[in-house]
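Undergrad: Hey, dropping final_15.txt in here, compact mmCIF, C-alpha atoms:
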# COMPACT_ATOMS: atom_id res chain seq x y z
CA MET A 1 52.43 9.09 -62.54
CA GLU A 2 52.98 11.39 -59.60
CA ALA A 3 52.88 14.42 -61.87
CA VAL A 4 49.57 13.28 -63.37
CA LEU A 5 48.08 12.81 -59.92
CA PHE A 6 49.38 16.20 -58.83
CA PHE A 7 47.85 18.01 -61.78
CA VAL A 8 44.51 16.22 -61.48
CA ALA A 9 44.33 17.06 -57.76
CA ALA A 10 45.53 20.62 -58.36
CA ILE A 11 42.87 21.21 -61.03
CA GLY A 12 40.25 19.77 -58.68
CA ALA A 13 41.38 22.01 -55.82
CA LEU A 14 41.52 25.11 -57.98
CA GLY A 15 38.21 24.35 -59.70
CA GLY A 16 36.57 23.80 -56.34
CA ALA A 17 37.97 27.07 -55.02
CA ILE A 18 36.75 29.02 -58.06
CA GLY A 19 33.39 27.29 -57.74
CA VAL A 20 33.08 28.44 -54.12
CA VAL A 21 33.69 32.03 -55.19
CA ALA A 22 31.62 32.00 -58.38
CA MET A 23 28.46 30.05 -57.49
CA ARG A 24 25.41 32.21 -56.82
CA ASN A 25 23.67 29.68 -54.59
CA PRO A 26 25.46 29.05 -51.24
CA PHE A 27 24.46 25.38 -51.39
CA TYR A 28 26.47 24.89 -54.60
CA SER A 29 29.35 26.77 -52.97
CA VAL A 30 29.37 24.22 -50.14
CA LEU A 31 29.39 21.36 -52.67
CA ALA A 32 32.30 22.98 -54.53
CA LEU A 33 34.18 23.29 -51.24
CA ILE A 34 33.72 19.55 -50.66
CA ILE A 35 35.36 18.86 -54.07
CA HIS A 36 38.16 21.24 -53.08
CA LEU A 37 38.70 19.46 -49.75
CA PHE A 38 38.86 16.00 -51.35
CA SER A 39 41.41 17.22 -53.92
CA LEU A 40 43.44 18.75 -51.10
CA ALA A 41 43.39 15.41 -49.27
CA ALA A 42 44.86 13.79 -52.40
CA LEU A 43 47.60 16.44 -52.41
CA PHE A 44 48.34 15.70 -48.75
CA LEU A 45 48.70 12.02 -49.65
CA LEU A 46 51.18 12.96 -52.39
CA LEU A 47 53.14 14.86 -49.73
CA THR A 48 53.21 11.66 -47.57
CA ALA A 49 50.91 13.12 -44.93
CA ALA A 50 48.53 10.19 -44.59
CA PHE A 51 47.06 11.13 -41.23
CA ILE A 52 46.39 14.74 -42.27
CA ALA A 53 44.67 13.48 -45.42
CA ALA A 54 42.44 11.15 -43.44
CA ALA A 55 41.62 13.88 -40.91
CA GLN A 56 40.86 16.24 -43.79
CA VAL A 57 38.32 13.83 -45.27
CA VAL A 58 36.75 12.75 -41.99
CA VAL A 59 36.71 16.03 -40.07
CA TYR A 60 36.40 18.61 -42.83
CA ALA A 61 34.57 16.97 -45.70
CA GLY A 62 32.57 14.89 -43.25
CA ALA A 63 31.66 16.80 -40.12
CA VAL A 64 32.24 20.49 -40.86
CA MET A 65 30.57 20.35 -44.26
CA VAL A 66 27.51 18.61 -42.80
CA LEU A 67 27.26 21.55 -40.39
CA TYR A 68 27.42 23.95 -43.36
CA VAL A 69 24.77 22.04 -45.27
CA PHE A 70 22.44 22.10 -42.25
CA VAL A 71 22.85 25.84 -41.78
CA VAL A 72 22.36 26.54 -45.51
CA ALA A 73 19.21 24.43 -45.44
CA TYR A 74 17.97 26.29 -42.34
CA VAL A 75 18.80 29.81 -43.50
CA GLY A 76 17.94 29.21 -47.14
CA GLY A 77 20.23 30.09 -50.00
CA GLY A 78 19.01 33.38 -51.32
CA GLY A 79 20.89 35.00 -54.15
CA GLU A 80 22.77 38.23 -53.58
CA SER A 81 21.48 41.51 -54.86
CA ALA A 82 23.34 43.03 -57.76
CA TRP A 83 23.78 46.32 -55.91
CA GLU A 84 27.43 47.22 -55.36
CA PRO A 85 28.35 49.65 -52.59
CA ILE A 86 31.81 50.20 -54.06
CA PRO A 87 31.76 50.88 -57.83
CA GLY A 88 33.83 48.42 -59.82
CA GLN A 89 34.25 46.05 -56.89
CA ARG A 90 33.85 42.98 -59.07
CA PHE A 91 36.64 44.09 -61.38
CA LEU A 92 39.03 45.52 -58.83
CA ALA A 93 38.92 42.49 -56.52
CA PRO A 94 40.32 39.97 -59.06
CA LEU A 95 43.10 42.44 -59.92
CA LEU A 96 44.00 42.66 -56.24
CA GLY A 97 43.86 38.86 -56.04
CA ILE A 98 46.27 38.49 -58.95
CA ALA A 99 48.58 41.02 -57.32
CA LEU A 100 48.45 39.03 -54.07
CA PHE A 101 49.25 35.78 -55.92
CA VAL A 102 52.21 37.31 -57.76
CA GLU A 103 53.49 38.86 -54.56
CA LEU A 104 53.25 35.60 -52.58
CA SER A 105 54.91 33.62 -55.38
CA ILE A 106 57.78 36.10 -55.67
CA ALA A 107 58.20 36.16 -51.90
CA VAL A 108 58.49 32.38 -51.65
CA LEU A 109 60.18 31.40 -54.89
CA SER A 110 62.86 34.09 -54.78
CA SER A 111 63.80 33.21 -51.22
CA ALA A 112 67.02 31.41 -50.42
CA LEU A 113 65.28 28.09 -49.77
CA LEU A 114 67.27 25.88 -52.13
CA ALA A 115 65.31 22.79 -51.12
CA LEU A 116 62.23 24.23 -52.88
CA GLU A 117 63.48 22.83 -56.16
CA THR A 118 63.79 19.32 -54.76
CA GLU A 119 61.18 16.78 -53.81
CA GLY A 120 62.34 16.80 -50.21
CA PRO A 121 64.59 14.27 -48.53
CA ASP A 122 63.90 10.55 -48.69
CA VAL A 123 61.64 9.60 -45.83
CA GLY A 124 60.59 6.17 -44.72
CA SER A 125 57.10 4.78 -45.03
CA GLY A 126 56.41 5.82 -41.44
CA PHE A 127 56.55 9.54 -42.29
CA GLY A 128 53.25 11.18 -41.43
CA ASN A 129 51.37 8.01 -40.57
CA PRO A 130 48.99 7.99 -37.58
CA ALA A 131 51.51 6.36 -35.23
CA ALA A 132 54.18 9.02 -35.85
CA ILE A 133 51.74 11.92 -35.57
CA GLY A 134 50.23 10.39 -32.44
CA HIS A 135 53.63 10.12 -30.81
CA LEU A 136 54.34 13.76 -31.61
CA LEU A 137 50.91 14.91 -30.37
CA LEU A 138 51.02 13.05 -27.08
CA GLU A 139 54.69 13.50 -26.25
CA LYS A 140 56.26 16.60 -27.70
CA PHE A 141 53.12 18.66 -28.32
CA LEU A 142 50.96 17.56 -25.41
CA VAL A 143 50.23 21.07 -24.13
CA PRO A 144 49.12 22.48 -27.54
CA PHE A 145 47.01 19.35 -28.02
CA GLU A 146 45.18 19.87 -24.74
CA ALA A 147 44.88 23.61 -25.40
CA SER A 148 43.23 22.93 -28.76
CA SER A 149 40.77 20.54 -27.11
CA ILE A 150 39.84 23.26 -24.61
CA LEU A 151 39.45 25.69 -27.51
CA LEU A 152 37.07 23.29 -29.29
CA MET A 153 34.98 22.93 -26.17
CA LEU A 154 34.81 26.72 -25.69
CA ALA A 155 33.72 27.13 -29.32
CA ALA A 156 30.99 24.51 -28.91
CA VAL A 157 29.65 26.19 -25.76
CA GLY A 158 29.85 29.60 -27.44
CA ALA A 159 27.92 28.39 -30.46
CA ILE A 160 25.16 26.97 -28.26
CA VAL A 161 24.92 30.26 -26.36
CA LEU A 162 24.83 32.26 -29.60
CA ALA A 163 22.32 30.16 -31.49
CA ASN A 164 20.03 28.98 -28.72
CA ARG A 165 19.11 32.23 -27.03
CA LYS A 166 15.36 32.63 -26.73
CA ARG A 167 13.92 36.11 -26.87
CA GLU A 168 10.51 37.54 -26.32
CA GLY A 169 8.03 37.01 -29.07
CA GLU A 170 9.91 34.16 -30.63
CA ALA A 171 8.18 30.84 -31.09
CA ALA A 172 11.08 28.43 -31.21
CA MET B 1 56.98 17.02 -58.12
CA ASN B 2 59.09 19.84 -56.74
CA ILE B 3 57.92 21.44 -53.54
CA SER B 4 57.71 24.80 -55.31
CA TRP B 5 54.71 23.53 -57.33
CA TYR B 6 52.80 22.93 -54.13
CA ILE B 7 53.77 26.36 -52.80
CA VAL B 8 52.60 28.10 -55.98
CA LEU B 9 49.32 26.18 -55.88
CA SER B 10 48.90 27.15 -52.26
CA SER B 11 49.38 30.84 -52.97
CA LEU B 12 46.94 30.58 -55.89
CA LEU B 13 44.29 29.05 -53.60
CA PHE B 14 44.97 31.72 -50.98
CA ALA B 15 44.51 34.49 -53.54
CA THR B 16 41.26 32.86 -54.74
CA GLY B 17 39.92 32.84 -51.19
CA ALA B 18 40.91 36.48 -50.72
CA VAL B 19 39.09 37.47 -53.93
CA GLY B 20 36.02 35.61 -52.69
CA ILE B 21 36.05 37.52 -49.42
CA LEU B 22 36.34 40.79 -51.34
CA ILE B 23 33.51 40.21 -53.81
CA ARG B 24 30.93 38.09 -51.98
CA ARG B 25 28.44 39.61 -49.55
CA SER B 26 26.71 36.62 -48.00
CA PRO B 27 28.37 35.90 -44.62
CA MET B 28 28.10 32.18 -45.25
CA VAL B 29 30.07 32.33 -48.48
CA ILE B 30 32.62 34.59 -46.76
CA LEU B 31 33.10 31.86 -44.15
CA LEU B 32 33.59 29.33 -46.96
CA CYS B 33 36.24 31.59 -48.52
CA LEU B 34 37.97 31.84 -45.13
CA GLU B 35 38.09 28.04 -45.18
CA LEU B 36 39.78 28.23 -48.58
CA MET B 37 42.47 30.55 -47.20
CA LEU B 38 43.05 28.38 -44.11
CA ASN B 39 43.34 25.29 -46.29
CA ALA B 40 45.85 27.03 -48.53
CA GLY B 41 47.90 27.74 -45.43
CA ASN B 42 47.61 24.09 -44.44
CA LEU B 43 48.88 22.98 -47.84
CA ALA B 44 51.89 25.26 -47.50
CA LEU B 45 52.58 23.92 -43.99
CA VAL B 46 52.45 20.30 -45.12
CA ALA B 47 54.57 21.05 -48.20
CA PHE B 48 57.25 22.77 -46.12
CA SER B 49 57.17 19.93 -43.61
CA ARG B 50 57.86 17.52 -46.48
CA MET B 51 60.62 19.82 -47.75
CA VAL B 52 62.59 19.68 -44.50
CA GLY B 53 61.62 16.06 -43.76
CA ASN B 54 60.16 16.93 -40.38
CA GLN B 55 56.69 15.90 -39.23
CA GLU B 56 56.15 18.78 -36.85
CA GLY B 57 54.61 20.94 -39.59
CA GLN B 58 51.91 18.30 -39.96
CA VAL B 59 51.04 18.65 -36.28
CA PHE B 60 50.77 22.39 -36.83
CA ALA B 61 48.43 21.73 -39.76
CA LEU B 62 46.23 19.66 -37.44
CA VAL B 63 46.08 22.57 -34.99
CA VAL B 64 45.09 24.85 -37.88
CA MET B 65 42.25 22.44 -38.70
CA VAL B 66 41.06 22.63 -35.08
CA VAL B 67 41.10 26.42 -35.17
CA ALA B 68 39.21 26.38 -38.49
CA ALA B 69 36.56 24.11 -36.99
CA CYS B 70 36.14 26.50 -34.03
CA GLU B 71 35.84 29.46 -36.39
CA VAL B 72 33.18 27.65 -38.42
CA VAL B 73 31.18 26.74 -35.33
CA VAL B 74 31.15 30.27 -33.93
CA GLY B 75 30.56 31.84 -37.36
CA LEU B 76 27.62 29.57 -38.14
CA GLY B 77 26.19 30.25 -34.69
CA LEU B 78 26.36 33.97 -35.46
CA ILE B 79 24.65 33.42 -38.82
CA VAL B 80 21.84 31.47 -37.18
CA ALA B 81 21.45 34.22 -34.56
CA ILE B 82 21.33 36.90 -37.29
CA PHE B 83 18.74 34.87 -39.20
CA ARG B 84 16.56 34.42 -36.12
CA ARG B 85 16.50 38.17 -35.53
CA LYS B 86 15.22 38.51 -39.12
CA LEU B 87 18.12 40.76 -40.05
CA PRO B 88 19.38 40.67 -43.65
CA LEU B 89 22.16 38.14 -44.29
CA ASP B 90 24.30 40.62 -46.18
CA VAL B 91 27.51 42.09 -44.81
CA ASP B 92 26.85 45.43 -46.52
CA ASP B 93 23.54 45.85 -44.71
CA LEU B 94 24.95 44.87 -41.32
CA ARG B 95 27.14 47.91 -40.80
CA THR B 96 25.88 49.42 -37.58
CA LEU B 97 29.38 49.33 -36.09
CA ARG B 98 30.89 51.16 -39.02
CA GLY B 99 30.52 54.59 -37.47
Would you mind writing the structure in this file as structure tokens?
TA:
Amino acid sequence: MEAVLFFVAAIGALGGAIGVVAMRNPFYSVLALIIHLFSLAALFLLLTAAFIAAAQVVVYAGAVMVLYVFVVAYVGGGGESAWEPIPGQRFLAPLLGIALFVELSIAVLSSALLALETEGPDVGSGFGNPAAIGHLLLEKFLVPFEASSILLMLAAVGAIVLANRKREGEAA
Amino acid sequence: MNISWYIVLSSLLFATGAVGILIRRSPMVILLCLELMLNAGNLALVAFSRMVGNQEGQVFALVVMVVAACEVVVGLGLIVAIFRRKLPLDVDDLRTLRG
């Protein structure tokens, strides 16, 4: 059962990722990324990371993707021109991608991490639930937690400054 | 499922995102491919945290999500600013800094 769920979620995640890369229209790319994010949330659940899965669905597939959809609707999804500045870019890039995949796989799988071939130690039902993650965030990792909140605020202010600047001769 | 399956899937997703960044020219789709790579990193973090039975990797994955959200917000702000200046939304046309 777990294997079936893993392969369904893995195919969803991979299909979504390929859809993001292959779709001509940016709007369809965003939709493919939403499929990818939901499949990834299922994988997080299989890895007993319930809180991360919930945050993935609520924050990513909810909030961040709505932002993307708004910007795609504002900018308009024009197709890309077929002109290639580097000859053979479309054929060389997948080769480089395959090389990167092989390299990463060799680097991880040939390492001395013997626990890679196990399913991990037995953990209780409390592993990765919101209470446990909350304790870690507010006790052990309080300073990184506050630093990331400051970072979010800086990014929000920066985005407003970038996108809201009025110049001469501009109506809105 | 063995943890190695998750790691292989994560490197496959990372390579897919890297290919997308190499072949796409719309800055919006490049941002989406960056999201793919960050999410692949998140999957590896959560898988390794399950492998050692320690929840601290999951906290790190949350921080990665925060950083990804910041990157999206600033990137989309830049795209909107480029669009308002009526410049082309194509990374091969926007190469004034290339020298």
Undergrad: Can you pull out the residues contacting Ala54 of chain A? Cut-off 9 Å, using all atoms listed in the file, and skip same-chain residues under 5 positions away; I want them as number ranges by chain.
TA: A: 41, 45, 49, 59
Undergrad: Between atom CA of Ser49 of chain B and atom CA of Asn129 of chain A, what is the distance in Å, rounded to a tenth?
TA: 13.6 Å
Undergrad: Expressed in Å to a single decimal, how great is the separation between atom CA of Ile21 of chain B and atom CA of Ala42 of chain A?
TA: 25.5 Å
Undergrad: Using all atoms listed in the file, what table do you get, as JSON lines, when you list each residue of chain B with an atom no more than 8 Å from chain A, its nearest pair of atoms, and their distance in Å rounded to one decimal, rows by chain then rising number?
TA:
{"residue": "B:Met1", "atom": "CA", "partner": "A:Glu119", "partner_atom": "CA", "distance": 6.0}
{"residue": "B:Asn2", "atom": "CA", "partner": "A:Glu119", "partner_atom": "CA", "distance": 4.7}
{"residue": "B:Ile3", "atom": "CA", "partner": "A:Leu116", "partner_atom": "CA", "distance": 5.2}
{"residue": "B:Ser4", "atom": "CA", "partner": "A:Leu116", "partner_atom": "CA", "distance": 5.2}
{"residue": "B:Ile7", "atom": "CA", "partner": "A:Val108", "partner_atom": "CA", "distance": 7.7}
{"residue": "B:Val8", "atom": "CA", "partner": "A:Ser105", "partner_atom": "CA", "distance": 6.0}
{"residue": "B:Leu9", "atom": "CA", "partner": "A:Ala10", "partner_atom": "CA", "distance": 7.2}
{"residue": "B:Ser11", "atom": "CA", "partner": "A:Phe101", "partner_atom": "CA", "distance": 5.8}
{"residue": "B:Leu12", "atom": "CA", "partner": "A:Phe101", "partner_atom": "CA", "distance": 5.7}
{"residue": "B:Leu13", "atom": "CA", "partner": "A:Leu14", "partner_atom": "CA", "distance": 6.5}
{"residue": "B:Phe14", "atom": "CA", "partner": "A:Phe101", "partner_atom": "CA", "distance": 7.7}
{"residue": "B:Ala15", "atom": "CA", "partner": "A:Gly97", "partner_atom": "CA", "distance": 5.1}
{"residue": "B:Thr16", "atom": "CA", "partner": "A:Ala17", "partner_atom": "CA", "distance": 6.7}
{"residue": "B:Gly17", "atom": "CA", "partner": "A:Ala17", "partner_atom": "CA", "distance": 7.2}
{"residue": "B:Ala18", "atom": "CA", "partner": "A:Gly97", "partner_atom": "CA", "distance": 6.5}
{"residue": "B:Val19", "atom": "CA", "partner": "A:Gly97", "partner_atom": "CA", "distance": 5.4}
{"residue": "B:Gly20", "atom": "CA", "partner": "A:Val21", "partner_atom": "CA", "distance": 4.9}
{"residue": "B:Leu22", "atom": "CA", "partner": "A:Ala93", "partner_atom": "CA", "distance": 6.0}
{"residue": "B:Ile23", "atom": "CA", "partner": "A:Arg90", "partner_atom": "CA", "distance": 6.0}
{"residue": "B:Arg24", "atom": "CA", "partner": "A:Val21", "partner_atom": "CA", "distance": 7.4}
{"residue": "B:Arg25", "atom": "CA", "partner": "A:Glu80", "partner_atom": "CA", "distance": 7.1}
{"residue": "B:Ser26", "atom": "CA", "partner": "A:Glu80", "partner_atom": "CA", "distance": 7.0}
{"residue": "B:Met28", "atom": "CA", "partner": "A:Pro26", "partner_atom": "CA", "distance": 7.3}
{"residue": "B:Val29", "atom": "CA", "partner": "A:Pro26", "partner_atom": "CA", "distance": 6.3}
{"residue": "B:Leu32", "atom": "CA", "partner": "A:Val20", "partner_atom": "CA", "distance": 7.2}
{"residue": "B:Cys33", "atom": "CA", "partner": "A:Val21", "partner_atom": "CA", "distance": 7.2}
{"residue": "B:Leu36", "atom": "CA", "partner": "A:Ala17", "partner_atom": "CA", "distance": 6.8}
{"residue": "B:Leu43", "atom": "CA", "partner": "A:Phe44", "partner_atom": "CA", "distance": 7.4}
{"residue": "B:Val46", "atom": "CA", "partner": "A:Phe44", "partner_atom": "CA", "distance": 7.2}
{"residue": "B:Ala47", "atom": "CA", "partner": "A:Leu47", "partner_atom": "CA", "distance": 6.5}
{"residue": "B:Arg50", "atom": "CA", "partner": "A:Gly120", "partner_atom": "CA", "distance": 5.9}
{"residue": "B:Met51", "atom": "CA", "partner": "A:Gly120", "partner_atom": "CA", "distance": 4.3}
{"residue": "B:Val52", "atom": "CA", "partner": "A:Gly120", "partner_atom": "CA", "distance": 6.4}
{"residue": "B:Gly53", "atom": "CA", "partner": "A:Pro121", "partner_atom": "CA", "distance": 5.9}
{"residue": "B:Gln55", "atom": "CA", "partner": "A:Gly128", "partner_atom": "CA", "distance": 6.2}
{"residue": "B:Glu56", "atom": "CA", "partner": "A:Leu136", "partner_atom": "CA", "distance": 7.5}
{"residue": "B:Gln58", "atom": "CA", "partner": "A:Ile52", "partner_atom": "CA", "distance": 7.0}
{"residue": "B:Val59", "atom": "CA", "partner": "A:Ile133", "partner_atom": "CA", "distance": 6.8}
{"residue": "B:Ala61", "atom": "CA", "partner": "A:Ile52", "partner_atom": "CA", "distance": 7.7}
{"residue": "B:Leu62", "atom": "CA", "partner": "A:Ile52", "partner_atom": "CA", "distance": 6.9}
{"residue": "B:Val63", "atom": "CA", "partner": "A:Ser148", "partner_atom": "CA", "distance": 6.9}
{"residue": "B:Val66", "atom": "CA", "partner": "A:Ser148", "partner_atom": "CA", "distance": 6.7}
{"residue": "B:Val67", "atom": "CA", "partner": "A:Ser148", "partner_atom": "CA", "distance": 7.6}
{"residue": "B:Ala69", "atom": "CA", "partner": "A:Val64", "partner_atom": "CA", "distance": 6.8}
{"residue": "B:Cys70", "atom": "CA", "partner": "A:Ala155", "partner_atom": "CA", "distance": 5.3}
{"residue": "B:Glu71", "atom": "CA", "partner": "A:Ala155", "partner_atom": "CA", "distance": 7.7}
{"residue": "B:Val72", "atom": "CA", "partner": "A:Val64", "partner_atom": "CA", "distance": 7.6}
{"residue": "B:Val73", "atom": "CA", "partner": "A:Ala159", "partner_atom": "CA", "distance": 6.1}
{"residue": "B:Val74", "atom": "CA", "partner": "A:Ala159", "partner_atom": "CA", "distance": 5.1}
{"residue": "B:Leu76", "atom": "CA", "partner": "A:Val71", "partner_atom": "CA", "distance": 7.1}
{"residue": "B:Gly77", "atom": "CA", "partner": "A:Ala159", "partner_atom": "CA", "distance": 4.9}
{"residue": "B:Leu78", "atom": "CA", "partner": "A:Leu162", "partner_atom": "CA", "distance": 6.3}
{"residue": "B:Val80", "atom": "CA", "partner": "A:Ala163", "partner_atom": "CA", "distance": 5.9}
{"residue": "B:Ala81", "atom": "CA", "partner": "A:Ala163", "partner_atom": "CA", "distance": 5.2}
{"residue": "B:Phe83", "atom": "CA", "partner": "A:Val75", "partner_atom": "CA", "distance": 6.6}
{"residue": "B:Asp90", "atom": "CA", "partner": "A:Glu80", "partner_atom": "CA", "distance": 7.9}
{"residue": "B:Asp92", "atom": "CA", "partner": "A:Pro85", "partner_atom": "CA", "distance": 7.5}
Undergrad: One decimal, Å: what's the distance from atom CA of Ser10 of chain B over to atom CA of Ala40 of chain B, could you say?
TA: 4.8 Å
Undergrad: Please enclose the listed atoms of segment 113-129 of chain A in an axis-aligned box, pad each side by 6 Å, and write out the centre and the three edge lengths in Å, rounded to one decimal, as JSON.
TA:
{"center_x": 59.3, "center_y": 16.4, "center_z": -48.4, "size_x": 27.9, "size_y": 35.3, "size_z": 27.6}
Undergrad: Start from the incomplete input, build N, CA and C atoms for segment 27-42 of chain A, and deliver everything as a tab-separated table (two decimals), in the frame of the given file.
TA:
chain	number	residue	atom	x	y	z
A	27	PHE	N	24.43	26.85	-51.47
A	27	PHE	CA	24.46	25.38	-51.39
A	27	PHE	C	25.47	24.81	-52.39
A	28	TYR	N	25.49	25.36	-53.61
A	28	TYR	CA	26.47	24.89	-54.60
A	28	TYR	C	27.89	25.26	-54.17
A	29	SER	N	28.03	26.40	-53.47
A	29	SER	CA	29.35	26.77	-52.97
A	29	SER	C	29.86	25.72	-51.99
A	30	VAL	N	28.96	25.24	-51.11
A	30	VAL	CA	29.37	24.22	-50.14
A	30	VAL	C	29.80	22.95	-50.88
A	31	LEU	N	29.02	22.57	-51.92
A	31	LEU	CA	29.39	21.36	-52.67
A	31	LEU	C	30.74	21.54	-53.35
A	32	ALA	N	31.00	22.73	-53.89
A	32	ALA	CA	32.30	22.98	-54.53
A	32	ALA	C	33.42	22.91	-53.50
A	33	LEU	N	33.14	23.37	-52.28
A	33	LEU	CA	34.18	23.29	-51.24
A	33	LEU	C	34.47	21.84	-50.89
A	34	ILE	N	33.46	20.97	-50.96
A	34	ILE	CA	33.72	19.55	-50.66
A	34	ILE	C	34.66	18.96	-51.72
A	35	ILE	N	34.43	19.31	-53.01
A	35	ILE	CA	35.36	18.86	-54.07
A	35	ILE	C	36.77	19.36	-53.78
A	36	HIS	N	36.86	20.65	-53.39
A	36	HIS	CA	38.16	21.24	-53.08
A	36	HIS	C	38.84	20.48	-51.95
A	37	LEU	N	38.09	20.13	-50.91
A	37	LEU	CA	38.70	19.46	-49.75
A	37	LEU	C	39.18	18.05	-50.12
A	38	PHE	N	38.41	17.34	-50.95
A	38	PHE	CA	38.86	16.00	-51.35
A	38	PHE	C	40.13	16.09	-52.19
A	39	SER	N	40.20	17.07	-53.11
A	39	SER	CA	41.41	17.22	-53.92
A	39	SER	C	42.60	17.56	-53.03
A	40	LEU	N	42.36	18.39	-52.01
A	40	LEU	CA	43.44	18.75	-51.10
A	40	LEU	C	43.91	17.53	-50.32
A	41	ALA	N	42.99	16.64	-49.97
A	41	ALA	CA	43.39	15.41	-49.27
A	41	ALA	C	44.30	14.57	-50.16
A	42	ALA	N	43.98	14.53	-51.47
A	42	ALA	CA	44.86	13.79	-52.40
A	42	ALA	C	46.24	14.43	-52.44
